[in-house]
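Visitor: This is the structure, below, for whatever I ask next.
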Amino acid sequence: MKVITVSNIKGGSAKSTTAIHLAEALSRRGKTLVIDMDMQADLTDFFLPNESLDQLEIHNIMTLLLGRSKIEEVIIRKTPIDIIPATLSLSKLVRITQDPLFLSESLKRGLDSVKNQYAYVVIDTPGSAKFELTSALYSANLVLIPVTPSKWAIRAVNLLLDEITETETLFTARKQTSFLPCLFGASKKHREILEKLKAIEEIPTLNEIPKSESIKTKTEKNEFLKKGTNTWHAFDQLADEVIRLVDPENRFPFL
Ligand SMILES: Nc1ncnc2c1ncn2[C@@H]1O[C@H](COP(=O)(O)OP(=O)(O)O)[C@@H](O)[C@H]1O
Ligand SMILES: [Mg+2]
């Protein structure tokens, strides 16, 4: 099982969109679990549009992190992708505990116990540095950082890299990272930001996900991309690149 954490502390940087369509592409290669760790619950809305809020409040990522539910209780089994949902209550997490190590260990332990059930886990994270982010980074084999062409792009990336370094020292584990340019156009300004990104040492920049109305509208309608379209191919290729990073010998095309 390989865990891919999609993260950028800047909101609106295509994290949830990337997590959804990457997970779909990975699920064609091996059994995939997605985990929503953002209280905005965009992944939960996408994968579980009809689930009642009362039902979601009983077992969700927060009850797992706090050790109040077992992982088997929080996983909602759906074809083709299973999901651990989030709800707005996740906003209370920092008031309930100030112990990121405890939360991170809960998630890690849970994932370890289902490691024979999944080839891939994709985690969506909030647009800020909270304990959820620390926990998601702790369990990650790969931190995938979608970057959009804003003036904050490089600053946000550097802050996240600091956060990752801190998590590494906190837990003495090295993390693999890579950048995923999303929504870049051909303008000089955009290309300059992309060049700066590529100049950051030791972190590979993957092929771009193009700006596309169909990605936006399909995602808003809770639909996957149409097989064979350019956008479908972009995420299909991303899945291959991600697998090459986390599992170079490709030992996990099963389950
Ligand atoms: N490749 C893309 N082409 C067009 N729109 C996109 C693309 N990726 C993301 N978006 C749009 O950008 C906005 C922010 O994306 P989202 O995934 O919600 O970001 P985050 O999860 O980082 O806050 C959404 O409206 C989404 O539909
Ligand atoms: Mg999001």
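Ordering of the structure tokens sets the chain letters (A, B, ...); residue numbers start at 1 within each chain; ligands are numbered from 1 in the order shown.
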Using only C-alpha atoms, find each residue of segment 1-45 of chain A with at least one atom at most 9 Å away from an atom of segment 223-231 of chain A; report its shortest atom-to-atom pair and that distance in Å (one decimal), sort the rows by chain and rising residue number, and return the result as JSON lines.
Guide:
```
{"residue": "A:Ile20", "atom": "CA", "partner": "A:Phe224", "partner_atom": "CA", "distance": 8.2}
{"residue": "A:His21", "atom": "CA", "partner": "A:Phe224", "partner_atom": "CA", "distance": 6.8}
{"residue": "A:Glu24", "atom": "CA", "partner": "A:Phe224", "partner_atom": "CA", "distance": 7.4}
```
Visitor: DSSP says helix (DSSP H, G or I) for which residues of segment 105-191 of chain A? Put them as a PDB file with C-alpha atoms, in the first residue's frame?
Guide:
```pdb
ATOM      1  CA  GLU A 105      -0.193   7.671  15.244  1.00  0.00           C
ATOM      2  CA  SER A 106      -3.945   6.946  15.176  1.00  0.00           C
ATOM      3  CA  LEU A 107      -4.064   7.430  11.409  1.00  0.00           C
ATOM      4  CA  LYS A 108      -0.855   5.476  10.825  1.00  0.00           C
ATOM      5  CA  ARG A 109      -2.035   2.571  12.967  1.00  0.00           C
ATOM      6  CA  GLY A 110      -5.394   2.515  11.183  1.00  0.00           C
ATOM      7  CA  LEU A 111      -3.789   2.513   7.753  1.00  0.00           C
ATOM      8  CA  ASP A 112      -1.296  -0.184   8.753  1.00  0.00           C
ATOM      9  CA  SER A 113      -4.187  -2.427   9.721  1.00  0.00           C
ATOM     10  CA  PHE A 131      -2.852  18.957  12.919  1.00  0.00           C
ATOM     11  CA  GLU A 132      -4.769  17.210  10.137  1.00  0.00           C
ATOM     12  CA  LEU A 133      -1.982  18.213   7.790  1.00  0.00           C
ATOM     13  CA  THR A 134       0.720  16.909  10.150  1.00  0.00           C
ATOM     14  CA  SER A 135      -1.097  13.575  10.398  1.00  0.00           C
ATOM     15  CA  ALA A 136      -1.552  13.334   6.634  1.00  0.00           C
ATOM     16  CA  LEU A 137       2.123  14.153   6.045  1.00  0.00           C
ATOM     17  CA  TYR A 138       3.213  11.592   8.628  1.00  0.00           C
ATOM     18  CA  SER A 139       1.497   8.706   6.835  1.00  0.00           C
ATOM     19  CA  ALA A 153       2.678  30.121  -5.353  1.00  0.00           C
ATOM     20  CA  ILE A 154       6.371  29.927  -4.475  1.00  0.00           C
ATOM     21  CA  ARG A 155       5.884  31.381  -0.975  1.00  0.00           C
ATOM     22  CA  ALA A 156       3.165  28.819  -0.242  1.00  0.00           C
ATOM     23  CA  VAL A 157       5.343  25.993  -1.539  1.00  0.00           C
ATOM     24  CA  ASN A 158       8.250  27.065   0.683  1.00  0.00           C
ATOM     25  CA  LEU A 159       5.999  27.225   3.739  1.00  0.00           C
ATOM     26  CA  LEU A 160       4.724  23.723   3.023  1.00  0.00           C
ATOM     27  CA  LEU A 161       8.288  22.449   2.546  1.00  0.00           C
ATOM     28  CA  ASP A 162       9.117  23.906   6.005  1.00  0.00           C
ATOM     29  CA  GLU A 163       6.103  22.084   7.396  1.00  0.00           C
ATOM     30  CA  ILE A 164       7.240  18.822   5.798  1.00  0.00           C
ATOM     31  CA  THR A 165      10.760  19.260   7.187  1.00  0.00           C
ATOM     32  CA  GLU A 166       9.303  19.844  10.637  1.00  0.00           C
ATOM     33  CA  THR A 167       7.185  16.722  10.363  1.00  0.00           C
ATOM     34  CA  GLU A 168      10.285  14.811   9.312  1.00  0.00           C
ATOM     35  CA  THR A 169      12.191  15.944  12.385  1.00  0.00           C
ATOM     36  CA  LEU A 170       9.200  15.365  14.633  1.00  0.00           C
ATOM     37  CA  PHE A 171       8.811  11.805  13.432  1.00  0.00           C
ATOM     38  CA  LYS A 188       5.126  35.042 -19.563  1.00  0.00           C
ATOM     39  CA  LYS A 189       4.099  35.509 -15.937  1.00  0.00           C
ATOM     40  CA  HIS A 190       2.860  31.949 -15.628  1.00  0.00           C
ATOM     41  CA  ARG A 191       5.942  30.511 -17.304  1.00  0.00           C
TER      42      ARG A 191
END
```
Visitor: Using only C-alpha atoms and all ligand atoms, tabulate the residues of chain A lying at most 7 Å from any atom of ligand 1, each with its closest atom pair and that distance in Å to one decimal, by chain and increasing residue number, as a Markdown table.
Guide:
```
| residue | atom | partner | partner_atom_place_in_ligand_line | distance |
| --- | --- | --- | --- | --- |
| A:Asn8 | CA | ligand 1 | 22 (O) | 6.9 |
| A:Lys10 | CA | ligand 1 | 22 (O) | 6.7 |
| A:Gly11 | CA | ligand 1 | 23 (O) | 4.2 |
| A:Gly12 | CA | ligand 1 | 23 (O) | 3.3 |
| A:Ser13 | CA | ligand 1 | 22 (O) | 3.7 |
| A:Ala14 | CA | ligand 1 | 17 (O) | 3.2 |
| A:Lys15 | CA | ligand 1 | 22 (O) | 3.7 |
| A:Ser16 | CA | ligand 1 | 21 (O) | 3.8 |
| A:Thr17 | CA | ligand 1 | 17 (O) | 3.7 |
| A:Thr18 | CA | ligand 1 | 17 (O) | 6.3 |
| A:Gly127 | CA | ligand 1 | 23 (O) | 6.4 |
| A:Cys182 | CA | ligand 1 | 1 (N) | 5.5 |
| A:Leu183 | CA | ligand 1 | 1 (N) | 5.1 |
| A:Ile209 | CA | ligand 1 | 1 (N) | 5.5 |
| A:Pro210 | CA | ligand 1 | 1 (N) | 5.1 |
| A:Lys211 | CA | ligand 1 | 3 (N) | 3.5 |
| A:Ser212 | CA | ligand 1 | 3 (N) | 3.9 |
| A:Glu213 | CA | ligand 1 | 4 (C) | 5.2 |
| A:Ile215 | CA | ligand 1 | 3 (N) | 5.2 |
| A:Lys216 | CA | ligand 1 | 27 (O) | 3.8 |
| A:Thr217 | CA | ligand 1 | 27 (O) | 6.8 |
| A:Thr219 | CA | ligand 1 | 27 (O) | 6.4 |
| A:Glu220 | CA | ligand 1 | 27 (O) | 6.6 |
```
Visitor: Just write the chosen residues, C-alpha atoms, as a compact mmCIF listing (two decimals), in the first residue's frame.
Guide:
```txt
# COMPACT_ATOMS: atom_id res chain seq x y z
CA ASN A 8 -0.62 22.85 -0.42
CA LYS A 10 -2.83 27.69 -0.11
CA GLY A 11 -6.59 27.30 -0.62
CA GLY A 12 -7.90 26.94 -4.17
CA SER A 13 -4.72 25.29 -5.44
CA ALA A 14 -6.53 22.32 -7.05
CA LYS A 15 -5.90 19.87 -4.17
CA SER A 16 -9.36 18.34 -4.03
CA THR A 17 -9.69 18.23 -7.83
CA THR A 18 -6.33 16.47 -8.05
CA GLY A 127 -5.55 24.73 2.90
CA CYS A 182 -2.18 22.99 -12.45
CA LEU A 183 -4.02 25.75 -14.32
CA ILE A 209 -2.64 19.30 -15.56
CA PRO A 210 -4.12 21.74 -18.09
CA LYS A 211 -6.72 24.36 -17.27
CA SER A 212 -9.99 22.92 -18.50
CA GLU A 213 -13.66 23.80 -18.14
CA ILE A 215 -12.40 19.35 -15.23
CA LYS A 216 -14.21 22.11 -13.36
CA THR A 217 -17.76 21.30 -14.47
CA THR A 219 -16.01 17.82 -10.68
CA GLU A 220 -18.79 20.20 -9.65
```
Visitor: Compare A:Glu208, A:Asp236, A:Asp38, A:Asp99 by their minimum atom-to-atom distance to Leu194 of chain A, counting only C-alpha atoms, and give me the closest one.
Guide: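 Of the candidates, the smallest distance to Leu194 of chain A is held by A:Glu208.
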Visitor: Write out as a ChimeraX atom specification each polymer residue whose atoms come within 12 Å of Glu202 of chain A, counting only C-alpha atoms; drop sequence neighbours fewer than 5 positions from it.
Guide: /A:161,175-179,197
Visitor: Would you output that residue set with N, CA, C and O atoms, as an mmCIF file, in the first residue's frame?
Guide:
```
data_model
loop_
_atom_site.group_PDB
_atom_site.id
_atom_site.type_symbol
_atom_site.label_atom_id
_atom_site.label_comp_id
_atom_site.auth_asym_id
_atom_site.auth_seq_id
_atom_site.Cartn_x
_atom_site.Cartn_y
_atom_site.Cartn_z
ATOM 1 N N LEU A 161 7.037 23.222 2.433
ATOM 2 C CA LEU A 161 8.288 22.449 2.546
ATOM 3 C C LEU A 161 8.844 22.557 3.973
ATOM 4 O O LEU A 161 9.349 21.572 4.524
ATOM 5 N N LYS A 175 10.386 12.247 3.645
ATOM 6 C CA LYS A 175 9.230 12.214 2.753
ATOM 7 C C LYS A 175 9.647 12.495 1.314
ATOM 8 O O LYS A 175 10.465 13.375 1.061
ATOM 9 N N GLN A 176 9.030 11.759 0.395
ATOM 10 C CA GLN A 176 9.231 12.046 -1.014
ATOM 11 C C GLN A 176 8.209 13.117 -1.405
ATOM 12 O O GLN A 176 7.051 13.052 -0.982
ATOM 13 N N THR A 177 8.645 14.101 -2.180
ATOM 14 C CA THR A 177 7.718 15.169 -2.576
ATOM 15 C C THR A 177 7.801 15.398 -4.080
ATOM 16 O O THR A 177 8.832 15.104 -4.703
ATOM 17 N N SER A 178 6.716 15.923 -4.664
ATOM 18 C CA SER A 178 6.803 16.373 -6.048
ATOM 19 C C SER A 178 5.757 17.454 -6.300
ATOM 20 O O SER A 178 4.745 17.522 -5.607
ATOM 21 N N PHE A 179 6.056 18.299 -7.291
ATOM 22 C CA PHE A 179 5.142 19.395 -7.636
ATOM 23 C C PHE A 179 4.279 18.991 -8.826
ATOM 24 O O PHE A 179 4.754 18.316 -9.743
ATOM 25 N N LEU A 197 9.525 27.266 -9.918
ATOM 26 C CA LEU A 197 9.145 26.011 -9.285
ATOM 27 C C LEU A 197 10.148 24.906 -9.666
ATOM 28 O O LEU A 197 10.643 24.158 -8.814
#
```
Visitor: To test your reading of the structure, identify every residue in segment 44-231 of chain A that backbone DSSP assigns to strand (DSSP E or B), and report it as a ChimeraX atom specification.
Guide: /A:76,81-84,120-124,142-147,176-182,205,209
